[in-house]
Amino acid sequence: MLNHRASRIAGLLLGLALVSASFAASVMLGTTDIAPSTFIQALMHYDPTRVAHIIIVTERLPRAVIAALVGASLAIAGALMQTMTRNPLASPGILGINAGAMFFVVIAVSLLPLHTPAEYVWAALLGAVVAASLVAMLSRGRHGELSSLRVVLAGVAVTAMFVSFSQGLLIVDQQSFESVLYWLAGSVSGRELSVVIPLLPFFGIALLLCMLLVRHANALMLDDDMVKGLGMRAGTIKLLLGLVVILLAGSSVALAGMIGFVGLIVPHMARGLFGVDHRWLLPACALLGASLLLLADVASRFLMPPQDVPVGVMTALIGTPFFIYLARRKRA
Amino acid sequence: MTHSASLTQPGNDTAATNRAVILSALLALVLLVSMGLSLSLGSFPTSLEQVLHALFAPRDSDIAFIIWELRLPRILLAVLVGAALAVAGAILQGIVRNPLASPDVIGITSGAAMAAVIFLALFGTGLSIHWLPASALLGAVFSALLVFLLAWKGGISPSRMVLVGIGLSAAMGAVTTLLIVISDDAAAMVAYVWLTGSLYAAQWQDVLGMLPWLLIAVPLCLSYARHMDAMALGDQVAQGLGVNVLRSRLVLMACSVALAGAAVAFAGGLSFVGLIAPHIAARLVGREFTRLVPASALVGALIVLYADLLGRVAFLPKDLPAGIFISGVGAPFFVYLLHRTRYQNH
């Protein structure tokens, strides 16, 4: 673990370098490899007659931006959820928030004439709220305490419910087959940069709230009484942090569908490296989460070419061994 | 031993048993009537009289063909599959001591589904579809073994088993999704309908293939009823009462896997039956295992029977998979149940 301030700063800088490298790899590698010079050229002097430039600007670049954004958001959301529930297995995927957002998006898209993420992000946020409240309600025990197995089971049951609703919709309305599959599997490809920009305020607000609440999140880890010392009630803080989680997870699902396990694994890796202090933990989560999803996306292009494997499948395959490791380690 | 008072009090027990027997008999009667109802409804209109005639004095007529070859096997398979899933769920909830456990949650169903989708992807839909159930069953057994293996740590803790099962089913679900995404649209749709759970085109050989599993597993798990009830009080109490906890758990788990695996093999992934049927049954007859199992089986059979009936007749000429209705009604109902039972369990 990095204990000194200087080594932590160095660690974050290394993380930044890792994100940049993964980002570059994501833009350059694929069925058509692209030279670094072509990439820079395409950014500086975009030439719509050159195929490589078109590939970069309409396909690779948006894909990398979405992967980085979604990876960072899910990782931060996961870290906050693990702090709030004091459960190492909590994450937007396991606790059903992604599934709730996905189902509401699927419904909205198939019933209303909505076409861009900016239009249906509201459905995703609503779904995230519904799922989060359901799980929070269901996972409380007799004295309002959170039992850790119960939280996870409630999350899995809620996920199963939303996923089977979506599958039902898929069979009734076969027109929506392709799109529903896209949401279910989770993918960062096939979007243009222009649809990402309207969603940036959502991520921005969430990050701002995050920064304001870092110290409160630290206090929440220790004891609910400690929080009162900061002049805010634990319930209020949890509600605000819950809002951050919903903004991050909901907007991520609107962009990329259900991508699991990033929010579960990354906070553990970040905690192992940077410790439990949220001032370091959250930036570290953002950097590592972005790198993980970027690299998973690059790997997904080479798993069975020429098919693109949905990145959600990749993260599930990478994440499961880790989840099982955590489940075994936990004193249950 | 104050814990086990509820198990051994003779006076209360007889009354409760009588009540359970009466309720179960009522359920069985409702099931029989429902089967008759389902037999006479369908895309081809048939009167009850014609149905009875075709049933008991079959001749070479269209109606006899519809009743004997189309509707009856489908109805029987629905009943058997529903019963199997419900009993599998009742066993698992007992072992794990948690009302949220079910074959879907801990990965048995997703293992079977993955194996079936691999089968469909490898051999297409044309070739020897009769081997699909076998591969699904193999997948269920494989995933259950994997769950056991990965949850083993000098013993089996139920909660660890559930968590490992959840993790594994996520991975197997990912493989299933992957195979569906990469296969062509028609094959993907077949796989998807199958995953949702459907009794479409059930045949007598399916019924005969399903039946032995119930005939073996249900009596076997009932013979362990005393052990199950003792384990419900905690491992230490059960050991004190002379129960070999590990062996009982293994045998009961094997029954659950066999039942769930066979059900998924013949009818696809019908979610929520294994989850909600034992809940309803427990509210009717209590959690004592010898009463719970028959009642769960009957409730599960009723759920799948009506879901399939709805799918067959409600949206004619479409024949929708039963799984849609079970999830549509079952999932919200499950959430409601969960909310109600949250004060009773850990």
# chains A, B, ... in the order shown; residues from 1 in each chain; ligands from 1

call {"tool": "interface_residues", "arguments": {"of": "chain A", "to": "chain B", "cutoff": "8 Å", "atoms": "only C-alpha atoms", "output": "number ranges by chain"}}
result
A: 137-142, 147, 149-150, 153-154, 156-158, 161, 164-165, 167-168, 171-172, 181, 185, 307, 309-310, 312-314, 316-317, 320-321, 323-324, 327-328, 332

call {"tool": "write_last_selection", "arguments": {"atoms": "N, CA and C atoms", "output": "short mmCIF file (atom, residue, chain, number, x, y, z; two decimals), in the first residue's frame"}}
result
data_model
loop_
_atom_site.label_atom_id
_atom_site.label_comp_id
_atom_site.auth_asym_id
_atom_site.auth_seq_id
_atom_site.Cartn_x
_atom_site.Cartn_y
_atom_site.Cartn_z
N MET A 137 -35.21 -1.15 0.64
CA MET A 137 -36.37 -1.53 1.44
C MET A 137 -36.31 -3.00 1.81
N LEU A 138 -35.94 -3.83 0.83
CA LEU A 138 -35.99 -5.27 1.04
C LEU A 138 -34.85 -5.78 1.90
N SER A 139 -33.74 -5.03 1.94
CA SER A 139 -32.58 -5.62 2.58
C SER A 139 -32.48 -5.26 4.06
N ARG A 140 -33.43 -4.49 4.54
CA ARG A 140 -33.37 -4.16 5.95
C ARG A 140 -33.94 -5.26 6.82
N GLY A 141 -33.24 -5.58 7.87
CA GLY A 141 -33.69 -6.63 8.79
C GLY A 141 -34.62 -6.07 9.84
N ARG A 142 -34.76 -6.83 10.88
CA ARG A 142 -35.73 -6.50 11.93
C ARG A 142 -35.51 -5.13 12.54
N SER A 147 -28.35 -6.64 6.69
CA SER A 147 -27.67 -7.93 6.77
C SER A 147 -27.01 -8.17 5.42
N LEU A 149 -25.76 -10.71 3.61
CA LEU A 149 -26.26 -11.71 2.65
C LEU A 149 -27.60 -11.26 2.08
N ARG A 150 -28.42 -10.68 2.95
CA ARG A 150 -29.75 -10.26 2.53
C ARG A 150 -29.68 -9.14 1.50
N LEU A 153 -28.76 -10.83 -1.77
CA LEU A 153 -29.87 -11.62 -2.31
C LEU A 153 -30.99 -10.72 -2.83
N ALA A 154 -31.27 -9.66 -2.08
CA ALA A 154 -32.31 -8.73 -2.54
C ALA A 154 -31.90 -8.12 -3.87
N VAL A 156 -29.86 -9.40 -6.14
CA VAL A 156 -29.92 -10.41 -7.20
C VAL A 156 -31.37 -10.67 -7.61
N ALA A 157 -32.27 -10.72 -6.62
CA ALA A 157 -33.68 -10.96 -6.95
C ALA A 157 -34.25 -9.81 -7.77
N VAL A 158 -33.90 -8.58 -7.39
CA VAL A 158 -34.39 -7.42 -8.14
C VAL A 158 -33.81 -7.43 -9.56
N MET A 161 -35.62 -9.93 -11.59
CA MET A 161 -36.94 -9.44 -11.95
C MET A 161 -36.86 -8.53 -13.17
N SER A 164 -35.79 -10.42 -16.37
CA SER A 164 -36.79 -11.29 -16.99
C SER A 164 -37.93 -10.47 -17.59
N PHE A 165 -38.24 -9.30 -17.00
CA PHE A 165 -39.21 -8.41 -17.65
C PHE A 165 -38.71 -8.01 -19.03
N GLN A 167 -36.59 -9.55 -20.93
CA GLN A 167 -36.61 -10.68 -21.84
C GLN A 167 -38.02 -10.95 -22.34
N GLY A 168 -38.98 -10.78 -21.43
CA GLY A 168 -40.37 -10.97 -21.84
C GLY A 168 -40.75 -9.99 -22.93
N ILE A 171 -39.46 -10.92 -26.27
CA ILE A 171 -40.14 -12.00 -27.00
C ILE A 171 -41.48 -11.53 -27.54
N VAL A 172 -42.16 -10.68 -26.77
CA VAL A 172 -43.45 -10.17 -27.23
C VAL A 172 -43.26 -9.26 -28.44
N LEU A 181 -31.09 -6.64 -26.70
CA LEU A 181 -29.89 -7.45 -26.51
C LEU A 181 -28.69 -6.55 -26.22
N ALA A 185 -26.58 -6.87 -22.82
CA ALA A 185 -25.20 -7.33 -22.85
C ALA A 185 -24.23 -6.24 -22.41
N GLN A 307 -16.01 -10.80 -34.82
CA GLN A 307 -17.13 -10.40 -33.96
C GLN A 307 -16.63 -9.50 -32.84
N VAL A 309 -17.16 -8.79 -29.18
CA VAL A 309 -17.82 -9.32 -27.99
C VAL A 309 -18.30 -8.13 -27.16
N PRO A 310 -19.56 -8.13 -26.68
CA PRO A 310 -20.01 -7.01 -25.84
C PRO A 310 -19.11 -6.89 -24.61
N GLY A 312 -19.68 -5.91 -21.70
CA GLY A 312 -20.28 -6.40 -20.46
C GLY A 312 -19.98 -7.87 -20.23
N VAL A 313 -19.91 -8.63 -21.31
CA VAL A 313 -19.56 -10.05 -21.20
C VAL A 313 -18.12 -10.18 -20.71
N MET A 314 -17.24 -9.37 -21.28
CA MET A 314 -15.84 -9.40 -20.86
C MET A 314 -15.70 -9.10 -19.38
N ALA A 316 -17.82 -9.39 -17.02
CA ALA A 316 -18.39 -10.46 -16.19
C ALA A 316 -17.40 -11.62 -16.09
N LEU A 317 -16.76 -11.94 -17.20
CA LEU A 317 -15.81 -13.05 -17.19
C LEU A 317 -14.57 -12.72 -16.35
N THR A 320 -15.92 -12.42 -12.33
CA THR A 320 -16.44 -13.52 -11.53
C THR A 320 -15.41 -14.16 -10.61
N PRO A 321 -14.21 -14.49 -11.10
CA PRO A 321 -13.24 -15.09 -10.17
C PRO A 321 -12.99 -14.20 -8.96
N PHE A 323 -15.09 -11.99 -7.66
CA PHE A 323 -16.28 -12.03 -6.80
C PHE A 323 -16.24 -13.28 -5.91
N ILE A 324 -15.88 -14.41 -6.53
CA ILE A 324 -15.86 -15.66 -5.76
C ILE A 324 -14.76 -15.61 -4.69
N ALA A 327 -16.19 -13.62 -1.92
CA ALA A 327 -17.22 -14.38 -1.21
C ALA A 327 -16.57 -15.41 -0.28
N ARG A 328 -15.47 -16.00 -0.72
CA ARG A 328 -14.79 -17.00 0.10
C ARG A 328 -14.07 -16.35 1.27
N ALA A 332 -18.51 -15.35 6.83
CA ALA A 332 -19.97 -15.37 6.72
C ALA A 332 -20.58 -16.29 7.78
#

call {"tool": "atom_distance", "arguments": {"atom1": "CA of Gly100 (chain A)", "atom2": "CA of Glu119 (chain A)"}}
result
17.2 Å

call {"tool": "residues_around", "arguments": {"residues": "region 14-28 of chain A", "least_positions_apart": "5", "cutoff": "12 Å", "atoms": "only C-alpha atoms", "output": "PyMOL selection string"}}
result
chain A and resi 7-9+33-40+42-43+52-53+55-69+71-72+188-189+270+273-274+280+283-302

call {"tool": "write_last_selection", "arguments": {"atoms": "C-alpha atoms", "output": "PDB file, in the first residue's frame"}}
result
ATOM      1  CA  SER A   7       3.938   8.055  -3.141  1.00  0.00           C
ATOM      2  CA  ARG A   8       0.168   8.394  -3.425  1.00  0.00           C
ATOM      3  CA  ILE A   9       0.500  11.366  -5.739  1.00  0.00           C
ATOM      4  CA  ASP A  33      -4.797  -0.695 -36.765  1.00  0.00           C
ATOM      5  CA  ILE A  34      -4.158   3.021 -36.766  1.00  0.00           C
ATOM      6  CA  ALA A  35      -0.785   4.722 -36.468  1.00  0.00           C
ATOM      7  CA  PRO A  36      -0.319   7.355 -33.730  1.00  0.00           C
ATOM      8  CA  SER A  37       0.471   9.999 -36.338  1.00  0.00           C
ATOM      9  CA  THR A  38      -2.803   9.340 -38.155  1.00  0.00           C
ATOM     10  CA  PHE A  39      -4.685   9.697 -34.866  1.00  0.00           C
ATOM     11  CA  ILE A  40      -3.137  13.096 -34.143  1.00  0.00           C
ATOM     12  CA  ALA A  42      -7.353  13.174 -37.537  1.00  0.00           C
ATOM     13  CA  LEU A  43      -7.824  15.315 -34.441  1.00  0.00           C
ATOM     14  CA  ALA A  52      -8.868   6.114 -41.248  1.00  0.00           C
ATOM     15  CA  HIS A  53     -10.035   9.548 -40.124  1.00  0.00           C
ATOM     16  CA  ILE A  55     -13.013   5.398 -38.337  1.00  0.00           C
ATOM     17  CA  ILE A  56     -11.223   7.390 -35.667  1.00  0.00           C
ATOM     18  CA  VAL A  57     -13.740  10.192 -35.271  1.00  0.00           C
ATOM     19  CA  THR A  58     -17.004   8.278 -35.683  1.00  0.00           C
ATOM     20  CA  GLU A  59     -16.056   4.955 -34.112  1.00  0.00           C
ATOM     21  CA  ARG A  60     -12.867   4.641 -32.096  1.00  0.00           C
ATOM     22  CA  LEU A  61     -12.811   7.986 -30.313  1.00  0.00           C
ATOM     23  CA  PRO A  62     -16.411   7.908 -29.040  1.00  0.00           C
ATOM     24  CA  ARG A  63     -15.922   4.303 -28.008  1.00  0.00           C
ATOM     25  CA  ALA A  64     -12.844   5.152 -25.953  1.00  0.00           C
ATOM     26  CA  VAL A  65     -14.481   8.225 -24.404  1.00  0.00           C
ATOM     27  CA  ILE A  66     -17.566   6.237 -23.384  1.00  0.00           C
ATOM     28  CA  ALA A  67     -15.496   3.372 -21.987  1.00  0.00           C
ATOM     29  CA  ALA A  68     -13.391   5.761 -19.893  1.00  0.00           C
ATOM     30  CA  LEU A  69     -16.392   7.727 -18.658  1.00  0.00           C
ATOM     31  CA  GLY A  71     -15.643   2.774 -16.253  1.00  0.00           C
ATOM     32  CA  ALA A  72     -14.742   5.676 -13.972  1.00  0.00           C
ATOM     33  CA  VAL A 188     -19.611   0.869 -25.504  1.00  0.00           C
ATOM     34  CA  SER A 189     -19.580   0.770 -29.288  1.00  0.00           C
ATOM     35  CA  ALA A 270      -7.953   0.942  -5.311  1.00  0.00           C
ATOM     36  CA  LEU A 273      -3.239   0.451  -3.252  1.00  0.00           C
ATOM     37  CA  PHE A 274      -4.397   3.721  -1.753  1.00  0.00           C
ATOM     38  CA  TRP A 280      -7.447   9.209  -2.455  1.00  0.00           C
ATOM     39  CA  PRO A 283      -9.731   9.504  -7.742  1.00  0.00           C
ATOM     40  CA  ALA A 284      -7.913   6.182  -7.786  1.00  0.00           C
ATOM     41  CA  CYS A 285     -11.216   4.391  -8.524  1.00  0.00           C
ATOM     42  CA  ALA A 286     -11.911   6.774 -11.390  1.00  0.00           C
ATOM     43  CA  LEU A 287      -8.506   6.170 -12.980  1.00  0.00           C
ATOM     44  CA  LEU A 288      -8.443   2.412 -12.461  1.00  0.00           C
ATOM     45  CA  GLY A 289     -12.085   2.017 -13.504  1.00  0.00           C
ATOM     46  CA  ALA A 290     -11.509   3.934 -16.726  1.00  0.00           C
ATOM     47  CA  SER A 291      -8.387   1.862 -17.502  1.00  0.00           C
ATOM     48  CA  LEU A 292     -10.127  -1.439 -16.729  1.00  0.00           C
ATOM     49  CA  LEU A 293     -13.080  -0.803 -19.010  1.00  0.00           C
ATOM     50  CA  LEU A 294     -10.858   0.608 -21.788  1.00  0.00           C
ATOM     51  CA  LEU A 295      -8.641  -2.473 -21.671  1.00  0.00           C
ATOM     52  CA  ALA A 296     -11.595  -4.858 -21.405  1.00  0.00           C
ATOM     53  CA  ASP A 297     -13.051  -3.191 -24.488  1.00  0.00           C
ATOM     54  CA  VAL A 298      -9.781  -3.552 -26.394  1.00  0.00           C
ATOM     55  CA  ALA A 299      -9.570  -7.214 -25.373  1.00  0.00           C
ATOM     56  CA  SER A 300     -13.177  -7.767 -26.464  1.00  0.00           C
ATOM     57  CA  ARG A 301     -12.195  -6.894 -30.045  1.00  0.00           C
ATOM     58  CA  PHE A 302      -9.659  -9.708 -30.158  1.00  0.00           C
TER      59      PHE A 302
END

call {"tool": "closest_atom_pairs", "arguments": {"of": "region 25-109 of chain B", "to": "region 278-296 of chain B", "cutoff": "8 Å", "atoms": "only C-alpha atoms", "output": "tab-separated table"}}
result
residue	atom	partner	partner_atom	distance
B:Leu27	CA	B:Ala295	CA	7.5
B:Ala83	CA	B:Ser296	CA	7.0
B:Ala86	CA	B:Ser296	CA	5.5
B:Val87	CA	B:Val293	CA	5.8
B:Gly89	CA	B:Pro278	CA	6.6
B:Ala90	CA	B:Pro278	CA	5.2
B:Pro99	CA	B:His279	CA	7.6

call {"tool": "write_last_selection", "arguments": {"atoms": "C-alpha atoms", "output": "PDB file, in the first residue's frame"}}
result
ATOM      1  CA  LEU B  27     -54.900 -27.831  -3.627  1.00  0.00           C
ATOM      2  CA  ALA B  83     -43.796 -29.320  -9.058  1.00  0.00           C
ATOM      3  CA  ALA B  86     -41.119 -25.743  -6.441  1.00  0.00           C
ATOM      4  CA  VAL B  87     -39.686 -28.694  -4.524  1.00  0.00           C
ATOM      5  CA  GLY B  89     -36.764 -24.291  -4.278  1.00  0.00           C
ATOM      6  CA  ALA B  90     -38.232 -25.566  -1.013  1.00  0.00           C
ATOM      7  CA  PRO B  99     -36.268 -17.396   1.897  1.00  0.00           C
TER       8      PRO B  99
END

call {"tool": "atom_distance", "arguments": {"atom1": "CA of Cys210 (chain A)", "atom2": "CA of Met258 (chain A)"}}
result
22.7 Å

call {"tool": "atom_distance", "arguments": {"atom1": "CA of Ala134 (chain B)", "atom2": "CA of Val257 (chain B)"}}
result
13.7 Å

call {"tool": "closest_residue", "arguments": {"among": "B:Gly268, B:Gly240, B:Pro317, B:Gly311", "to": "Val117 (chain B)", "atoms": "only C-alpha atoms"}}
result
B:Gly268

call {"tool": "select_by_dssp", "arguments": {"residues": "region 96-278 of chain B", "states": "alpha helix (DSSP H)", "output": "PyMOL selection string"}}
result
chain B and resi 96+108-123+132-151+158-182+185-196+204-223+225-231+235-240+245-267+273-278

call {"tool": "write_last_selection", "arguments": {"atoms": "C-alpha atoms", "output": "tab-separated table (two decimals), in the first residue's frame"}}
result
chain	number	residue	atom	x	y	z
B	96	VAL	CA	-29.66	-22.14	3.08
B	108	ILE	CA	-28.27	-24.17	-11.17
B	109	THR	CA	-30.64	-22.72	-13.73
B	110	SER	CA	-28.00	-20.58	-15.41
B	111	GLY	CA	-25.68	-23.58	-15.67
B	112	ALA	CA	-28.40	-25.55	-17.41
B	113	ALA	CA	-29.23	-22.58	-19.63
B	114	MET	CA	-25.60	-22.10	-20.62
B	115	ALA	CA	-25.21	-25.76	-21.52
B	116	ALA	CA	-28.40	-25.66	-23.59
B	117	VAL	CA	-27.35	-22.53	-25.46
B	118	ILE	CA	-23.91	-24.02	-26.13
B	119	PHE	CA	-25.72	-27.06	-27.50
B	120	LEU	CA	-27.91	-24.89	-29.74
B	121	ALA	CA	-24.91	-22.90	-30.94
B	122	LEU	CA	-22.82	-25.98	-31.71
B	123	PHE	CA	-25.39	-28.22	-33.32
B	132	LEU	CA	-30.99	-30.73	-25.53
B	133	PRO	CA	-32.50	-31.88	-22.20
B	134	ALA	CA	-29.50	-34.11	-21.54
B	135	SER	CA	-27.04	-31.30	-22.11
B	136	ALA	CA	-29.07	-28.92	-19.94
B	137	LEU	CA	-29.13	-31.46	-17.14
B	138	LEU	CA	-25.41	-31.94	-17.49
B	139	GLY	CA	-24.97	-28.18	-17.22
B	140	ALA	CA	-27.04	-28.07	-14.02
B	141	VAL	CA	-25.00	-30.82	-12.41
B	142	PHE	CA	-21.76	-29.24	-13.56
B	143	SER	CA	-22.63	-25.83	-12.15
B	144	ALA	CA	-23.85	-27.30	-8.86
B	145	LEU	CA	-20.58	-29.21	-8.48
B	146	LEU	CA	-18.63	-26.07	-9.29
B	147	VAL	CA	-20.59	-24.10	-6.69
B	148	PHE	CA	-19.88	-26.77	-4.11
B	149	LEU	CA	-16.22	-26.97	-5.00
B	150	LEU	CA	-15.65	-23.22	-4.94
B	151	ALA	CA	-17.62	-22.73	-1.74
B	158	PRO	CA	-24.88	-21.99	3.22
B	159	SER	CA	-24.34	-18.27	2.79
B	160	ARG	CA	-20.96	-18.79	1.11
B	161	MET	CA	-22.61	-21.27	-1.22
B	162	VAL	CA	-25.25	-18.70	-2.19
B	163	LEU	CA	-22.68	-16.00	-2.83
B	164	VAL	CA	-20.47	-18.28	-4.93
B	165	GLY	CA	-23.57	-19.38	-6.84
B	166	ILE	CA	-24.48	-15.77	-7.57
B	167	GLY	CA	-20.99	-15.08	-8.89
B	168	LEU	CA	-20.95	-18.18	-11.04
B	169	SER	CA	-24.35	-17.54	-12.49
B	170	ALA	CA	-23.17	-14.07	-13.54
B	171	ALA	CA	-20.30	-15.63	-15.46
B	172	MET	CA	-22.48	-18.31	-17.03
B	173	GLY	CA	-25.07	-15.68	-17.89
B	174	ALA	CA	-22.30	-13.74	-19.65
B	175	VAL	CA	-21.33	-16.78	-21.70
B	176	THR	CA	-24.99	-17.34	-22.59
B	177	THR	CA	-25.39	-13.72	-23.70
B	178	LEU	CA	-22.19	-13.95	-25.71
B	179	LEU	CA	-23.37	-17.05	-27.57
B	180	ILE	CA	-26.72	-15.46	-28.32
B	181	VAL	CA	-25.10	-12.27	-29.58
B	182	ILE	CA	-22.73	-14.09	-31.91
B	185	ASP	CA	-30.90	-14.05	-35.40
B	186	ALA	CA	-33.09	-17.10	-35.92
B	187	ALA	CA	-31.03	-19.38	-33.70
B	188	ALA	CA	-30.73	-16.60	-31.13
B	189	MET	CA	-34.50	-16.24	-31.01
B	190	VAL	CA	-34.96	-19.98	-30.47
B	191	ALA	CA	-32.45	-19.84	-27.66
B	192	TYR	CA	-34.15	-16.83	-26.14
B	193	VAL	CA	-37.62	-18.32	-26.15
B	194	TRP	CA	-36.16	-21.42	-24.59
B	195	LEU	CA	-34.38	-19.37	-21.92
B	196	THR	CA	-37.60	-17.61	-20.98
B	204	TRP	CA	-45.22	-37.58	-24.39
B	205	GLN	CA	-41.55	-38.45	-24.41
B	206	ASP	CA	-40.85	-35.21	-22.53
B	207	VAL	CA	-43.42	-36.16	-19.91
B	208	LEU	CA	-41.91	-39.62	-19.60
B	209	GLY	CA	-38.44	-38.13	-19.43
B	210	MET	CA	-39.43	-35.76	-16.64
B	211	LEU	CA	-41.40	-38.18	-14.50
B	212	PRO	CA	-38.58	-40.41	-13.17
B	213	TRP	CA	-36.73	-37.46	-11.69
B	214	LEU	CA	-39.70	-36.55	-9.55
B	215	LEU	CA	-40.36	-40.18	-8.63
B	216	ILE	CA	-36.80	-40.56	-7.36
B	217	ALA	CA	-35.95	-37.16	-5.92
B	218	VAL	CA	-39.16	-36.30	-4.08
B	219	PRO	CA	-39.34	-39.45	-1.93
B	220	LEU	CA	-35.60	-39.23	-1.31
B	221	CYS	CA	-35.79	-35.68	-0.03
B	222	LEU	CA	-38.84	-36.53	2.05
B	223	SER	CA	-36.88	-39.33	3.72
B	225	ALA	CA	-37.35	-34.45	6.25
B	226	ARG	CA	-36.39	-34.97	9.90
B	227	HIS	CA	-32.83	-33.90	9.16
B	228	MET	CA	-34.03	-30.84	7.30
B	229	ASP	CA	-36.25	-29.76	10.16
B	230	ALA	CA	-33.38	-30.24	12.60
B	231	MET	CA	-30.99	-28.25	10.41
B	235	ASP	CA	-26.05	-26.76	12.45
B	236	GLN	CA	-25.10	-27.26	16.09
B	237	VAL	CA	-28.59	-28.14	17.20
B	238	ALA	CA	-28.87	-30.56	14.29
B	239	GLN	CA	-25.59	-32.22	15.21
B	240	GLY	CA	-26.80	-32.44	18.79
B	245	VAL	CA	-25.20	-32.27	8.63
B	246	LEU	CA	-22.79	-32.49	5.72
B	247	ARG	CA	-24.21	-35.73	4.35
B	248	SER	CA	-27.81	-34.58	4.68
B	249	ARG	CA	-26.95	-31.34	2.99
B	250	LEU	CA	-25.27	-33.15	0.10
B	251	VAL	CA	-28.16	-35.56	-0.45
B	252	LEU	CA	-30.76	-32.79	-0.24
B	253	MET	CA	-28.71	-30.59	-2.52
B	254	ALA	CA	-28.44	-33.43	-5.04
B	255	CYS	CA	-32.24	-33.80	-5.00
B	256	SER	CA	-32.63	-30.07	-5.60
B	257	VAL	CA	-30.15	-30.08	-8.47
B	258	ALA	CA	-31.76	-33.10	-10.09
B	259	LEU	CA	-35.24	-31.57	-9.88
B	260	ALA	CA	-34.25	-28.10	-11.05
B	261	GLY	CA	-31.95	-29.45	-13.73
B	262	ALA	CA	-34.60	-31.78	-15.14
B	263	ALA	CA	-37.21	-29.02	-15.10
B	264	VAL	CA	-34.94	-26.61	-16.93
B	265	ALA	CA	-33.97	-29.35	-19.33
B	266	PHE	CA	-37.55	-29.98	-20.42
B	267	ALA	CA	-39.08	-26.51	-20.15
B	273	VAL	CA	-41.40	-20.68	-9.58
B	274	GLY	CA	-38.78	-22.14	-7.26
B	275	LEU	CA	-38.75	-18.88	-5.37
B	276	ILE	CA	-42.42	-18.11	-4.85
B	277	ALA	CA	-44.13	-21.51	-4.73
B	278	PRO	CA	-42.46	-22.57	-1.44

call {"tool": "residues_around", "arguments": {"residues": "Leu305 (chain B)", "least_positions_apart": "5", "cutoff": "8 Å", "atoms": "only C-alpha atoms", "output": "JSON, numbers by chain"}}
result
{"B": [34, 35, 38, 75, 78, 79, 82]}
